[in-house]
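Below you'll find the structure, written out as structure tokens, and then a few comments.
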Amino acid sequence: MAAKFGLLMLALLVFAGHARAGELLVDQSLLSAALGQDIRYSVYLPSSATPGARFPTIYLLHGFAGGQYEWAKGGRIAETLDRLIESGSMSPVIAVMPDAGKSWYVDSKRYGGPGDYETAIVRDLVAGIDARYPTLADADHRGIAGISMGGRGALRLAFAHPDVFSAVAGLSPGIWLPGGVSGRTGPANDPPEEQAKWFGRTAGETFDIKIFNAQSPFALVDGLATLSRPPAILLAVGDDDYWKLHDGTVELYIGLRRIGLKPELRVGDGGHDWKFWRSVTDAVLLFLDGSFGDR
């Protein structure tokens, strides 16, 4: 709590009397050894009048059809961060928006898939960002959030790597009830052409529901119970979600409560779109900010 209070006081001192907009840099890249190629990203850098200031970092993951620009365009993230930081509602942060294609944020090179994106993000991207920008380079000041496919990815990465991320928010995360049936309640019984369309070779050379479920955040829940410092968790989903992701989201919330964690849950009026995600973005950013340095 003391660390969080200190960061907030720094924000008030830095921005009082001379609030300035942060800077959004697009078309950035750094080399990922896991991918054997560059990983592209956009980054928001807060303005600061304090020489040598360092900031927490939030990683924002896009959905299936998105990319490194999605949070900037659909999410209007720079404007939102400017408003919250300049008002003193949250501490200044660096926000990183990587492009992970249709990878589902898993390691899939072994299946001939898009590549080892889990390793690329948690190892290569995080290390590269910490080396390139003035971050507070520890898990206690690093959070992650995502929408849809990115919501599933954010939860998986935070659950699997609590030494990297201390807080996570999944917005309409692409999680279905374990063993869910076809169509909008899960991919298990979808025809092969649909499975190939949505998942490619991320869960086997041909889609394998056992691999897909093993990659799910559900598979990592029991392991969280053994952690002395589990990540802070927020889940948000619209009550009219087209893919019926509210079922899996609520079930995950119940499972996390069952092992003694205290996740937060927001079920709001909305669908699977940026109208809903923008409606909860303030709450997500404030939740992540409030979790930094507080484990």
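Just remember, in the structure tokens the first chain shown is A, the second B, etc., residues are 1-based per chain, and ligands are 1-based in the order shown.
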Excluding same-chain residues fewer than 2 positions from A:Asp241, what lies within 12 Å of it counting only C-alpha atoms, as a PyMOL selection string?
-> chain A and resi 148+171-174+184-185+236-239+243-249+267-277
Between atom CA of A:Val168 and atom CA of A:Ile144, distance in Å (one decimal) = 4.9 Å
DSSP on the backbone: what in stretch 99-287 of chain A comes out helix (DSSP H, G or I), as a ChimeraX atom specification?
-> /A:109-111,117-132,139-141,149-160,183-185,192-199,209-214,217-224,245-258,274-287
Can you list, as a list in words, every protein, DNA or RNA residue that comes within 8 Å of A:Pro230 when you count only C-alpha atoms, leaving out same-chain residues fewer than 4 positions away?
-> Pro162, Ser166, Leu224 and Ala225 of chain A
Residue set, stretch 73-267 of chain A restricted to strand (DSSP E), as a list in words =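 Secondary structure check on stretch 73-267 of chain A, strand (DSSP E): Ile94, Ala95, Val96, Met97, Pro98, Arg142, Gly143, Ile144, Ala145, Gly146, Ile147, Ala167, Val168, Ala169, Gly170, Leu171, Ala232, Ile233, Leu234, Leu235, Ala236, Val237, Gly238, Glu264, Leu265, Arg266 and Val267 of chain A.
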Work out how far apart atom CA of A:Arg278 and atom CA of A:Leu235 are and give it in Å to one decimal.
-> 14.3 Å
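Relative to atom CA of A:His62, atom CA of A:Ala145 is found at 9.1 Å.
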Compile the contact shell of A:Tyr105 as a PyMOL selection string: residues with an atom at most 9 Å away, counting only C-alpha atoms, same-chain residues fewer than 3 positions apart removed.
-> chain A and resi 61+100-102+108+116-119+121+149-150+152-154+156-157+202
Polymer residues at most 12 Å from stretch 288-291 of chain A, only C-alpha atoms, same-chain spacing of 5 or more positions, as a VMD selection string | chain A and resid 1 to 8 11 55 to 60 81 84 to 85 88 to 95 139 to 145 165 to 170 229 to 235 263 to 264 281 to 283
Tell me which of A:Ala33, A:Val26, A:Gly75, A:Leu136 sits closest to A:Ala53, counting only C-alpha atoms.
->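 Among the listed residues, the smallest separation from A:Ala53 belongs to A:Leu136.
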